[in-house]
Amino acid sequence: MQSNFRFGFSFKNSRLPLFYPLVIGIPFIGLVANKNYGSPNYLLLFLTGIAFWGLCLLTVHQIKLSVESNSVEIIQKTILVFFIINAILSFYNIAHIIWETGAVNPYRYQGMYQKYFIGTGDYIRGLTFDTSTTNAVLNTFGVIYFLDKKKPVMALICMAVLLLTGSNFTNLVLLLVLTFSFIFKSNKDQKSLMIVCVIFLMVFMAKISPQNHKYVFASIENIFHKPKPQNEAAIASISRDSLVTPEAIKRKIAQNYIDSVSYVLIKKDLLKIAPSVLLALPNYHGRVLIVPPDINKPPYLTPTDTTFEERKLLTFINAHESDLPISRQTVFKPGLPGELKGILQTIVFFQHHPAKIIAGDGIGNFSSKLAFRATGLGFEGEYPAKFIFISRDFLSNHLDVYLNFFSKRGGLHSLTNTPFSVYDQLIAEYGLLGIIAFIIFYLGFSRSTLRN
């Protein structure tokens, strides 16, 4: 940490990206244009957002000072140490899950009410202790970096950590990058290493976590093919939605009773057969059969009970039902993942509010982690209850989408169903000015720096 505040901003040969002072200034335009300054709680939220951008600027400044004051060799060693520590912590994450579950492959372990299973990768957070997606993106850069530096062991370690996170989208992005590099920019050794990385990916998807690619295909199918409506037999249950007559209720109760009696009788028959089977087993070439657990029992099924977190969201939905057109629906309708729905909502929002296209809807008013935190519902960390602020634009759009997925069963609690993203946040809360600043003064700065 160095006490140097000479940032060196300029429109020509700027030392740091001009994006940061611009993205701090743009919200003030939106604050005045959208007349959001009337709420004390919003002003606190606004200043918090500005403070976050200020911390980002100071972080970039400190990194730049370190680069300027150290040799290339020291910087490369620092990067190497960072990825080694991150890998150690990521492997610790998976080792702890294996110890907790007692399963060598927790990606296929359905016990503990499917606490891990397909969502195991969400717990691989590494050094940042952020979401697994952050870890996945970091290791994607690690694979590319160590391929370029011709460090095969570290490239494969980063690839292994990336796969452990189970981030399908990041895997796809890396696959595209590797394909491009394989064709246009790589030597024989690098090509061989790229093939090994792809084999790692194929083995992981086919053997370690096969349900991951099934999930991807199912999501794609939901996007391009409208889900078939469930028939009455499939959704019949004792509830206010499906059983509306006394006769139907009686019929369902009788059916459940008969099914339960049949289950008990079958179980008794199996218990009678089991001892004779087990006695005969040792005579079969000395092998002993270990009866596997019944994965149809509750501990191996997705829990159907509503969790505390889900109940909290459902209570919120009931309290704001008139402002939540999606999540208030009693029947869940599969379709686009939350991220895509969020983007479409942003487009529709600007169609109805063209005046906000220039400077956006304002910090924390539509699409950001800060907006989610300010709800006081425990998203992205805690927030003081007396300072809670929820914009109506946010409530009826991105928050509505989030509630629609995360108030339902655990299988829908996926990162792909979280509607916020950096790019959506830029266009929704900072408008065209934010996007232009990002393209010209951030991406443009990075491009010119790489050239030099």
# chains A, B, ... in the order shown; residues from 1 in each chain; ligands from 1
>>> residues_around(residues="Phe11 in chain A", least_positions_apart="6", cutoff="10 Å", atoms="only C-alpha atoms", output="ChimeraX atom specification")
/A:17-18,441
>>> residues_around(residues="Leu47 in chain A", least_positions_apart="3", cutoff="12 Å", atoms="only C-alpha atoms", output="PyMOL selection string")
chain A and resi 24-25+27-28+31+37+40-44+50-54+362-364+370
>>> write_last_selection(atoms="N, CA, C and O atoms", output="PDB file, in the first residue's frame")
ATOM      1  N   ILE A  24     -17.938   7.657 -12.081  1.00  0.00           N
ATOM      2  CA  ILE A  24     -18.289   8.295 -10.807  1.00  0.00           C
ATOM      3  C   ILE A  24     -19.106   9.560 -11.059  1.00  0.00           C
ATOM      4  O   ILE A  24     -20.013   9.896 -10.289  1.00  0.00           O
ATOM      5  N   GLY A  25     -18.817  10.249 -12.176  1.00  0.00           N
ATOM      6  CA  GLY A  25     -19.526  11.496 -12.483  1.00  0.00           C
ATOM      7  C   GLY A  25     -20.888  11.298 -13.122  1.00  0.00           C
ATOM      8  O   GLY A  25     -21.821  12.079 -12.861  1.00  0.00           O
ATOM      9  N   PRO A  27     -23.420   9.173 -12.603  1.00  0.00           N
ATOM     10  CA  PRO A  27     -24.591   9.054 -11.719  1.00  0.00           C
ATOM     11  C   PRO A  27     -25.148  10.381 -11.216  1.00  0.00           C
ATOM     12  O   PRO A  27     -26.345  10.488 -10.945  1.00  0.00           O
ATOM     13  N   PHE A  28     -24.291  11.412 -11.083  1.00  0.00           N
ATOM     14  CA  PHE A  28     -24.787  12.711 -10.629  1.00  0.00           C
ATOM     15  C   PHE A  28     -25.719  13.326 -11.671  1.00  0.00           C
ATOM     16  O   PHE A  28     -26.676  14.021 -11.319  1.00  0.00           O
ATOM     17  N   LEU A  31     -28.904  11.489 -11.179  1.00  0.00           N
ATOM     18  CA  LEU A  31     -29.524  11.893  -9.910  1.00  0.00           C
ATOM     19  C   LEU A  31     -30.382  13.134 -10.098  1.00  0.00           C
ATOM     20  O   LEU A  31     -31.513  13.218  -9.597  1.00  0.00           O
ATOM     21  N   TYR A  37     -33.223  12.650  -5.682  1.00  0.00           N
ATOM     22  CA  TYR A  37     -32.569  13.175  -4.491  1.00  0.00           C
ATOM     23  C   TYR A  37     -33.553  13.430  -3.339  1.00  0.00           C
ATOM     24  O   TYR A  37     -33.172  13.924  -2.283  1.00  0.00           O
ATOM     25  N   PRO A  40     -33.908  10.297   1.596  1.00  0.00           N
ATOM     26  CA  PRO A  40     -32.649  10.170   2.344  1.00  0.00           C
ATOM     27  C   PRO A  40     -32.033   8.774   2.214  1.00  0.00           C
ATOM     28  O   PRO A  40     -30.810   8.642   2.133  1.00  0.00           O
ATOM     29  N   ASN A  41     -32.892   7.748   2.202  1.00  0.00           N
ATOM     30  CA  ASN A  41     -32.379   6.382   2.077  1.00  0.00           C
ATOM     31  C   ASN A  41     -31.718   6.172   0.724  1.00  0.00           C
ATOM     32  O   ASN A  41     -30.708   5.468   0.621  1.00  0.00           O
ATOM     33  N   TYR A  42     -32.286   6.773  -0.321  1.00  0.00           N
ATOM     34  CA  TYR A  42     -31.655   6.628  -1.634  1.00  0.00           C
ATOM     35  C   TYR A  42     -30.334   7.379  -1.692  1.00  0.00           C
ATOM     36  O   TYR A  42     -29.373   6.911  -2.305  1.00  0.00           O
ATOM     37  N   LEU A  43     -30.263   8.536  -1.063  1.00  0.00           N
ATOM     38  CA  LEU A  43     -29.009   9.296  -1.070  1.00  0.00           C
ATOM     39  C   LEU A  43     -27.886   8.497  -0.413  1.00  0.00           C
ATOM     40  O   LEU A  43     -26.739   8.530  -0.875  1.00  0.00           O
ATOM     41  N   LEU A  44     -28.221   7.761   0.653  1.00  0.00           N
ATOM     42  CA  LEU A  44     -27.219   6.900   1.286  1.00  0.00           C
ATOM     43  C   LEU A  44     -26.798   5.790   0.331  1.00  0.00           C
ATOM     44  O   LEU A  44     -25.600   5.484   0.211  1.00  0.00           O
ATOM     45  N   ILE A  50     -21.151   5.320  -5.096  1.00  0.00           N
ATOM     46  CA  ILE A  50     -20.015   6.176  -5.468  1.00  0.00           C
ATOM     47  C   ILE A  50     -18.759   5.739  -4.723  1.00  0.00           C
ATOM     48  O   ILE A  50     -17.652   5.688  -5.288  1.00  0.00           O
ATOM     49  N   ALA A  51     -18.925   5.387  -3.441  1.00  0.00           N
ATOM     50  CA  ALA A  51     -17.774   4.944  -2.634  1.00  0.00           C
ATOM     51  C   ALA A  51     -17.182   3.655  -3.184  1.00  0.00           C
ATOM     52  O   ALA A  51     -15.952   3.489  -3.205  1.00  0.00           O
ATOM     53  N   PHE A  52     -18.042   2.735  -3.654  1.00  0.00           N
ATOM     54  CA  PHE A  52     -17.544   1.491  -4.242  1.00  0.00           C
ATOM     55  C   PHE A  52     -16.685   1.775  -5.474  1.00  0.00           C
ATOM     56  O   PHE A  52     -15.620   1.173  -5.651  1.00  0.00           O
ATOM     57  N   TRP A  53     -17.155   2.674  -6.333  1.00  0.00           N
ATOM     58  CA  TRP A  53     -16.361   3.023  -7.521  1.00  0.00           C
ATOM     59  C   TRP A  53     -15.052   3.699  -7.121  1.00  0.00           C
ATOM     60  O   TRP A  53     -14.007   3.493  -7.744  1.00  0.00           O
ATOM     61  N   GLY A  54     -15.099   4.508  -6.059  1.00  0.00           N
ATOM     62  CA  GLY A  54     -13.875   5.132  -5.571  1.00  0.00           C
ATOM     63  C   GLY A  54     -12.869   4.107  -5.089  1.00  0.00           C
ATOM     64  O   GLY A  54     -11.658   4.224  -5.351  1.00  0.00           O
ATOM     65  N   GLY A 362     -30.071   5.291 -12.742  1.00  0.00           N
ATOM     66  CA  GLY A 362     -29.417   5.705 -11.505  1.00  0.00           C
ATOM     67  C   GLY A 362     -28.865   4.544 -10.696  1.00  0.00           C
ATOM     68  O   GLY A 362     -29.348   3.415 -10.792  1.00  0.00           O
ATOM     69  N   ILE A 363     -27.849   4.814  -9.909  1.00  0.00           N
ATOM     70  CA  ILE A 363     -27.200   3.798  -9.074  1.00  0.00           C
ATOM     71  C   ILE A 363     -28.221   3.101  -8.176  1.00  0.00           C
ATOM     72  O   ILE A 363     -29.012   3.750  -7.490  1.00  0.00           O
ATOM     73  N   GLY A 364     -28.218   1.749  -8.203  1.00  0.00           N
ATOM     74  CA  GLY A 364     -29.063   0.975  -7.311  1.00  0.00           C
ATOM     75  C   GLY A 364     -30.547   1.030  -7.610  1.00  0.00           C
ATOM     76  O   GLY A 364     -31.361   0.579  -6.806  1.00  0.00           O
ATOM     77  N   LEU A 370     -25.711  -3.901  -5.535  1.00  0.00           N
ATOM     78  CA  LEU A 370     -26.034  -2.926  -4.500  1.00  0.00           C
ATOM     79  C   LEU A 370     -27.549  -2.789  -4.344  1.00  0.00           C
ATOM     80  O   LEU A 370     -28.061  -2.682  -3.228  1.00  0.00           O
TER      81      LEU A 370
END
>>> residues_around(residues="Leu433 in chain A", least_positions_apart="5", cutoff="8 Å", atoms="only C-alpha atoms", output="ChimeraX atom specification")
/A:26,358-359
>>> closest_residue(among="A:Gly431, A:Pro210, A:Pro334, A:Pro325", to="Pro354 in chain A", atoms="only C-alpha atoms")
A:Gly431
>>> residues_around(residues="Leu164 in chain A", least_positions_apart="5", cutoff="12 Å", atoms="only C-alpha atoms", output="MDAnalysis selection string")
chainID A and resid 87 90:95 97 105:107 118:126 132:133 135:136 139 157:159 170:171 200:201 204:205 208:209 212
>>> atom_distance(atom1="CA of Trp99 in chain A", atom2="CA of Thr131 in chain A")
21.5 Å
